[in-house]
>>> print(open('run-v2.cif').read())   # mmCIF, C-alpha atoms
data_run
loop_
_atom_site.group_PDB
_atom_site.id
_atom_site.type_symbol
_atom_site.label_atom_id
_atom_site.label_comp_id
_atom_site.auth_asym_id
_atom_site.auth_seq_id
_atom_site.Cartn_x
_atom_site.Cartn_y
_atom_site.Cartn_z
ATOM 1 C CA MET A 1 100.554 79.523 97.615
ATOM 2 C CA THR A 2 103.254 79.714 94.926
ATOM 3 C CA THR A 3 102.479 81.509 91.716
ATOM 4 C CA PRO A 4 103.922 80.455 88.358
ATOM 5 C CA ILE A 5 106.073 83.591 88.332
ATOM 6 C CA SER A 6 107.736 82.898 91.689
ATOM 7 C CA ALA A 7 108.281 79.276 90.721
ATOM 8 C CA MET A 8 110.113 80.400 87.563
ATOM 9 C CA THR A 9 112.422 82.801 89.441
ATOM 10 C CA GLU A 10 113.554 80.539 92.261
ATOM 11 C CA SER A 11 117.076 80.148 90.817
ATOM 12 C CA PHE A 12 118.925 82.753 88.785
ATOM 13 C CA ALA A 13 122.024 80.568 88.378
ATOM 14 C CA PRO A 14 121.524 79.834 84.635
ATOM 15 C CA VAL A 15 121.030 83.529 83.854
ATOM 16 C CA ILE A 16 124.109 84.547 85.872
ATOM 17 C CA ARG A 17 126.157 81.857 84.103
ATOM 18 C CA LEU A 18 125.002 83.184 80.736
ATOM 19 C CA MET A 19 125.981 86.737 81.712
ATOM 20 C CA GLU A 20 129.446 85.533 82.796
ATOM 21 C CA TYR A 21 129.951 83.829 79.422
ATOM 22 C CA GLN A 22 128.810 86.957 77.597
ATOM 23 C CA ASN A 23 131.238 89.146 79.565
ATOM 24 C CA ARG A 24 134.120 86.752 78.956
ATOM 25 C CA LEU A 25 133.302 86.567 75.238
ATOM 26 C CA ALA A 26 133.201 90.370 74.974
ATOM 27 C CA TRP A 27 136.525 90.751 76.814
ATOM 28 C CA GLU A 28 138.339 88.075 74.811
ATOM 29 C CA THR A 29 136.931 89.372 71.523
ATOM 30 C CA THR A 30 138.133 92.876 72.356
ATOM 31 C CA GLU A 31 141.567 91.545 73.284
ATOM 32 C CA ALA A 32 141.805 89.511 70.060
ATOM 33 C CA MET A 33 140.752 92.490 67.931
ATOM 34 C CA MET A 34 143.394 94.673 69.562
ATOM 35 C CA ARG A 35 146.035 92.063 68.779
ATOM 36 C CA PHE A 36 144.751 91.793 65.211
ATOM 37 C CA ALA A 37 144.994 95.576 64.835
ATOM 38 C CA MET A 38 148.653 95.432 65.929
ATOM 39 C CA MET A 39 149.628 92.728 63.376
ATOM 40 C CA PRO A 40 151.182 95.180 60.843
ATOM 41 C CA TRP A 41 153.714 96.157 63.482
ATOM 42 C CA GLN A 42 154.569 92.601 64.454
ATOM 43 C CA GLY A 43 158.310 92.093 64.503
ATOM 44 C CA PHE A 44 158.926 95.813 64.643
ATOM 45 C CA THR A 45 161.724 96.642 67.080
ATOM 46 C CA SER A 46 161.700 99.877 68.946
ATOM 47 C CA LYS A 47 164.742 102.143 68.896
ATOM 48 C CA ALA A 48 165.187 101.460 72.599
ATOM 49 C CA GLY A 49 165.787 97.774 71.784
ATOM 50 C CA PHE A 50 162.785 96.332 73.674
ATOM 51 C CA GLY A 51 161.907 93.858 70.901
ATOM 52 C CA SER A 52 158.517 93.507 69.192
ATOM 53 C CA ILE A 53 155.685 95.699 70.406
ATOM 54 C CA CYS A 54 153.209 92.968 69.427
ATOM 55 C CA ALA A 55 152.590 89.509 70.707
ATOM 56 C CA PRO A 56 153.736 86.534 68.571
ATOM 57 C CA ALA A 57 151.334 85.221 65.883
ATOM 58 C CA GLY A 58 150.534 82.156 68.052
ATOM 59 C CA VAL A 59 148.875 84.411 70.595
ATOM 60 C CA GLN A 60 146.411 85.686 67.986
ATOM 61 C CA ARG A 61 145.570 82.120 66.945
ATOM 62 C CA LYS A 62 145.056 81.160 70.573
ATOM 63 C CA ALA A 63 142.812 84.169 71.138
ATOM 64 C CA VAL A 64 140.687 83.275 68.127
ATOM 65 C CA GLU A 65 140.389 79.665 69.339
ATOM 66 C CA THR A 66 139.386 80.895 72.815
ATOM 67 C CA VAL A 67 136.738 83.159 71.315
ATOM 68 C CA GLU A 68 135.363 80.235 69.292
ATOM 69 C CA GLU A 69 135.284 78.002 72.403
ATOM 70 C CA THR A 70 133.593 80.712 74.432
ATOM 71 C CA THR A 71 131.022 81.237 71.670
ATOM 72 C CA ALA A 72 130.265 77.513 71.657
ATOM 73 C CA ASN A 73 129.954 77.515 75.471
ATOM 74 C CA VAL A 74 127.611 80.493 75.337
ATOM 75 C CA ALA A 75 125.459 78.724 72.724
ATOM 76 C CA GLU A 76 125.294 75.586 74.918
ATOM 77 C CA THR A 77 124.422 77.656 77.984
ATOM 78 C CA VAL A 78 121.678 79.483 76.082
ATOM 79 C CA GLU A 79 120.207 76.121 75.020
ATOM 80 C CA GLU A 80 120.341 74.857 78.628
ATOM 81 C CA VAL A 81 118.683 78.011 79.957
ATOM 82 C CA VAL A 82 115.951 77.822 77.297
ATOM 83 C CA GLU A 83 115.352 74.118 78.064
ATOM 84 C CA GLU A 84 115.178 74.785 81.835
ATOM 85 C CA ALA A 85 112.822 77.740 81.337
ATOM 86 C CA THR A 86 110.614 75.705 78.994
ATOM 87 C CA ALA A 87 110.459 72.772 81.419
ATOM 88 C CA THR A 88 109.647 75.119 84.319
ATOM 89 C CA THR A 89 106.969 76.894 82.281
ATOM 90 C CA GLU A 90 105.352 73.598 81.256
ATOM 91 C CA ALA A 91 105.381 72.344 84.854
ATOM 92 C CA ASN A 92 103.858 75.624 86.061
ATOM 93 C CA ALA A 93 101.223 75.510 83.310
ATOM 94 C CA GLU A 94 100.236 72.010 84.457
ATOM 95 C CA LYS A 95 100.026 73.204 88.081
ATOM 96 C CA VAL A 96 97.897 76.193 87.074
ATOM 97 C CA ALA A 97 95.588 73.935 85.042
ATOM 98 C CA GLU A 98 95.236 71.507 87.977
ATOM 99 C CA THR A 99 94.556 74.374 90.414
ATOM 100 C CA ALA A 100 91.977 75.897 88.050
ATOM 101 C CA ALA A 101 90.252 72.515 87.691
ATOM 102 C CA GLU A 102 90.185 72.074 91.492
ATOM 103 C CA MET A 103 88.842 75.606 92.008
ATOM 104 C CA THR A 104 86.171 75.069 89.343
ATOM 105 C CA ALA A 105 85.110 71.791 90.980
ATOM 106 C CA GLU A 106 84.984 73.500 94.393
ATOM 107 C CA THR A 107 82.935 76.389 92.963
ATOM 108 C CA VAL A 108 80.467 73.990 91.368
ATOM 109 C CA GLU A 109 80.165 72.038 94.637
ATOM 110 C CA ALA A 110 79.687 75.256 96.631
ATOM 111 C CA ALA A 111 77.032 76.484 94.179
ATOM 112 C CA GLY A 112 75.262 73.112 94.427
ATOM 113 C CA ALA A 113 75.370 73.240 98.217
ATOM 114 C CA GLU A 114 73.987 76.801 98.200
ATOM 115 C CA ALA A 115 71.215 75.761 95.827
ATOM 116 C CA GLU A 116 70.314 72.864 98.117
ATOM 117 C CA THR A 117 70.283 75.046 101.229
ATOM 118 C CA ALA A 118 68.396 77.914 99.561
ATOM 119 C CA VAL A 119 64.787 78.160 100.666
ATOM 120 C CA ALA A 120 62.179 78.250 97.905
ATOM 121 C CA ALA A 121 60.095 81.373 98.459
ATOM 122 C CA VAL A 122 56.349 80.818 98.970
ATOM 123 C CA LYS A 123 53.741 83.573 99.208
ATOM 124 C CA PRO A 124 52.023 83.550 102.629
ATOM 125 C CA LYS A 125 48.298 82.726 102.682
ATOM 126 C CA GLY A 126 46.281 85.835 103.212
ATOM 127 C CA LEU A 127 42.694 86.735 104.128
ATOM 128 C CA ASP A 128 40.215 88.651 102.030
ATOM 129 C CA ALA A 129 39.445 90.969 104.951
ATOM 130 C CA PRO A 130 40.459 91.293 108.614
ATOM 131 C CA ARG A 131 38.666 88.965 111.046
ATOM 132 C CA GLY A 132 35.890 90.741 112.906
ATOM 133 C CA GLY A 133 36.384 93.782 110.674
ATOM 134 C CA ALA A 134 39.372 95.038 112.707
ATOM 135 C CA ALA A 135 43.013 94.484 111.790
ATOM 136 C CA ASP A 136 45.844 94.229 114.337
ATOM 137 C CA ASP A 137 48.332 97.094 114.639
ATOM 138 C CA LEU A 138 51.231 95.674 112.613
ATOM 139 C CA LYS A 139 53.273 98.812 113.329
ATOM 140 C CA GLN A 140 54.196 97.127 116.630
ATOM 141 C CA LEU A 141 56.701 95.062 114.621
ATOM 142 C CA GLU A 142 60.181 96.536 114.342
ATOM 143 C CA GLY A 143 60.694 98.422 111.054
ATOM 144 C CA VAL A 144 56.998 98.546 110.131
ATOM 145 C CA GLY A 145 55.565 102.004 109.492
ATOM 146 C CA PRO A 146 52.162 103.086 108.124
ATOM 147 C CA LYS A 147 53.109 102.568 104.452
ATOM 148 C CA LEU A 148 54.636 99.152 105.065
ATOM 149 C CA GLU A 149 51.596 98.152 107.114
ATOM 150 C CA GLU A 150 49.403 99.019 104.095
ATOM 151 C CA ALA A 151 51.629 96.905 101.814
ATOM 152 C CA ILE A 152 51.385 93.930 104.221
ATOM 153 C CA ASN A 153 47.594 94.353 104.428
ATOM 154 C CA ALA A 154 47.455 94.443 100.594
ATOM 155 C CA ILE A 155 48.662 90.806 100.442
ATOM 156 C CA GLY A 156 45.976 89.725 102.935
ATOM 157 C CA ILE A 157 47.990 89.830 106.180
ATOM 158 C CA PHE A 158 46.004 91.707 108.820
ATOM 159 C CA HIS A 159 46.787 89.914 112.092
ATOM 160 C CA LEU A 160 49.910 89.192 114.150
ATOM 161 C CA ASP A 161 48.944 85.517 114.501
ATOM 162 C CA GLN A 162 49.160 85.185 110.698
ATOM 163 C CA ILE A 163 52.765 86.460 110.753
ATOM 164 C CA ALA A 164 53.526 84.239 113.769
ATOM 165 C CA LYS A 165 52.717 81.179 111.615
ATOM 166 C CA TRP A 166 54.974 82.146 108.665
ATOM 167 C CA THR A 167 57.484 79.527 107.552
ATOM 168 C CA GLU A 168 61.028 80.308 106.368
ATOM 169 C CA ALA A 169 59.814 80.066 102.768
ATOM 170 C CA GLU A 170 57.072 82.614 103.434
ATOM 171 C CA VAL A 171 59.485 84.989 105.195
ATOM 172 C CA ALA A 172 61.824 84.656 102.175
ATOM 173 C CA TRP A 173 58.948 85.555 99.817
ATOM 174 C CA VAL A 174 58.053 88.641 101.861
ATOM 175 C CA ASP A 175 61.739 89.724 101.961
ATOM 176 C CA GLU A 176 62.072 89.392 98.181
ATOM 177 C CA ASN A 177 58.668 90.520 96.889
ATOM 178 C CA LEU A 178 57.024 92.956 99.286
ATOM 179 C CA ALA A 179 57.814 96.583 98.399
ATOM 180 C CA GLY A 180 59.676 98.421 101.159
ATOM 181 C CA VAL A 181 60.683 95.283 103.100
ATOM 182 C CA ARG A 182 64.038 94.307 101.515
ATOM 183 C CA GLY A 183 64.978 91.697 104.084
ATOM 184 C CA ARG A 184 63.410 93.340 107.139
ATOM 185 C CA ALA A 185 61.109 90.426 107.883
ATOM 186 C CA SER A 186 63.970 88.018 108.510
ATOM 187 C CA ARG A 187 66.481 90.589 109.773
ATOM 188 C CA ASN A 188 64.135 92.086 112.390
ATOM 189 C CA GLY A 189 62.616 88.736 113.343
ATOM 190 C CA TRP A 190 58.974 89.563 112.625
ATOM 191 C CA VAL A 191 57.822 85.987 113.217
ATOM 192 C CA ALA A 192 59.285 85.845 116.731
ATOM 193 C CA GLN A 193 57.969 89.338 117.540
ATOM 194 C CA ALA A 194 54.492 88.460 116.226
ATOM 195 C CA ARG A 195 54.423 85.283 118.388
ATOM 196 C CA SER A 196 55.268 87.234 121.540
ATOM 197 C CA LEU A 197 52.826 90.057 120.701
ATOM 198 C CA ALA A 198 49.993 87.682 119.700
ATOM 199 C CA GLY A 199 50.407 85.830 122.962
#
>>> encode(input="run-v2.cif", output="structure tokens")
Amino acid sequence: MTTPISAMTESFAPVIRLMEYQNRLAWETTEAMMRFAMMPWQGFTSKAGFGSICAPAGVQRKAVETVEETTANVAETVEEVVEEATATTEANAEKVAETAAEMTAETVEAAGAEAETAVAAVKPKGLDAPRGGAADDLKQLEGVGPKLEEAINAIGIFHLDQIAKWTEAEVAWVDENLAGVRGRASRNGWVAQARSLAG
């Protein structure tokens, strides 16, 4: 997946071109200023007879014209680079907006699908007292100790055959609401265990 940053830095050509123009402008400006500094000595002849130590006046004019042209070229290049960067940024912003919209739509769909597949928790039907006055040993189920057995009995579940008949919704309710269970009913498969133990 390409990020907006990588898309903006695919080509450095405009930046390199701008740097070349800046270097050329600096060099030519320096050269022109040196010639301008030597103007008072223009036409001066050395004692050795080598002629003028300065370039003719036309050279200074040419240097100034070159500097002006280079400045104009740099300005044009800067405009081009800014336009390219702006266009790239706008295109990337559109891509990011489209991707965000797609991801939001996918998230909403996923949340809707999860809501549809989620089981509505229902409290299992319990008894007021154990049948025949004697409750089954619920500690036979994996993860059930004496305290948890008391909590299960407190909601009216005394027999393994009651647990064997639990639906998914009832298992979900026990996982969520019964103190000390925290998902053990579904994780340890109490319904299947109760069916095999109840015979």
>>> resolve_selection(input="run-v2.cif", expression="the PyMOL selection byres ((chain A and resi 169) around 7)", output="PyMOL selection string")
chain A and resi 119-122+167-168+170-173
>>> write_last_selection(input="run-v2.cif", atoms="C-alpha atoms", output="PDB file, in the frame of the given file")
ATOM      1  CA  VAL A 119      64.787  78.160 100.666  1.00  0.00           C
ATOM      2  CA  ALA A 120      62.179  78.250  97.905  1.00  0.00           C
ATOM      3  CA  ALA A 121      60.095  81.373  98.459  1.00  0.00           C
ATOM      4  CA  VAL A 122      56.349  80.818  98.970  1.00  0.00           C
ATOM      5  CA  THR A 167      57.484  79.527 107.552  1.00  0.00           C
ATOM      6  CA  GLU A 168      61.028  80.308 106.368  1.00  0.00           C
ATOM      7  CA  GLU A 170      57.072  82.614 103.434  1.00  0.00           C
ATOM      8  CA  VAL A 171      59.485  84.989 105.195  1.00  0.00           C
ATOM      9  CA  ALA A 172      61.824  84.656 102.175  1.00  0.00           C
ATOM     10  CA  TRP A 173      58.948  85.555  99.817  1.00  0.00           C
TER      11      TRP A 173
END
>>> closest_residue(input="run-v2.cif", among="A:Lys139, A:Arg24, A:Arg184, A:Arg35", to="His159 (chain A)", atoms="all atoms listed in the file")
A:Lys139
>>> residues_near_point(input="run-v2.cif", point="(40.6, 91.1, 112.9)", cutoff="12 Å", atoms="all atoms listed in the file", output="PyMOL selection string")
chain A and resi 127-138+153+156-162
>>> resolve_selection(input="run-v2.cif", expression="the PyMOL selection byres ((chain A and resi 71-84) around 10)", output="number ranges by chain")
A: 8, 13-15, 17-22, 24-26, 65-70, 85-90
>>> write_last_selection(input="run-v2.cif", atoms="C-alpha atoms", output="PDB file, keeping the file's coordinate frame")
ATOM      1  CA  MET A   8     110.113  80.400  87.563  1.00  0.00           C
ATOM      2  CA  ALA A  13     122.024  80.568  88.378  1.00  0.00           C
ATOM      3  CA  PRO A  14     121.524  79.834  84.635  1.00  0.00           C
ATOM      4  CA  VAL A  15     121.030  83.529  83.854  1.00  0.00           C
ATOM      5  CA  ARG A  17     126.157  81.857  84.103  1.00  0.00           C
ATOM      6  CA  LEU A  18     125.002  83.184  80.736  1.00  0.00           C
ATOM      7  CA  MET A  19     125.981  86.737  81.712  1.00  0.00           C
ATOM      8  CA  GLU A  20     129.446  85.533  82.796  1.00  0.00           C
ATOM      9  CA  TYR A  21     129.951  83.829  79.422  1.00  0.00           C
ATOM     10  CA  GLN A  22     128.810  86.957  77.597  1.00  0.00           C
ATOM     11  CA  ARG A  24     134.120  86.752  78.956  1.00  0.00           C
ATOM     12  CA  LEU A  25     133.302  86.567  75.238  1.00  0.00           C
ATOM     13  CA  ALA A  26     133.201  90.370  74.974  1.00  0.00           C
ATOM     14  CA  GLU A  65     140.389  79.665  69.339  1.00  0.00           C
ATOM     15  CA  THR A  66     139.386  80.895  72.815  1.00  0.00           C
ATOM     16  CA  VAL A  67     136.738  83.159  71.315  1.00  0.00           C
ATOM     17  CA  GLU A  68     135.363  80.235  69.292  1.00  0.00           C
ATOM     18  CA  GLU A  69     135.284  78.002  72.403  1.00  0.00           C
ATOM     19  CA  THR A  70     133.593  80.712  74.432  1.00  0.00           C
ATOM     20  CA  ALA A  85     112.822  77.740  81.337  1.00  0.00           C
ATOM     21  CA  THR A  86     110.614  75.705  78.994  1.00  0.00           C
ATOM     22  CA  ALA A  87     110.459  72.772  81.419  1.00  0.00           C
ATOM     23  CA  THR A  88     109.647  75.119  84.319  1.00  0.00           C
ATOM     24  CA  THR A  89     106.969  76.894  82.281  1.00  0.00           C
ATOM     25  CA  GLU A  90     105.352  73.598  81.256  1.00  0.00           C
TER      26      GLU A  90
END
>>> atom_distance(input="run-v2.cif", atom1="CA of Lys123 (chain A)", atom2="CA of Ile155 (chain A)")
8.9 Å
>>> atom_distance(input="run-v2.cif", atom1="CA of Val174 (chain A)", atom2="CA of Ser186 (chain A)")
8.9 Å
>>> atom_distance(input="run-v2.cif", atom1="CA of Gly199 (chain A)", atom2="CA of Ala179 (chain A)")
27.8 Å
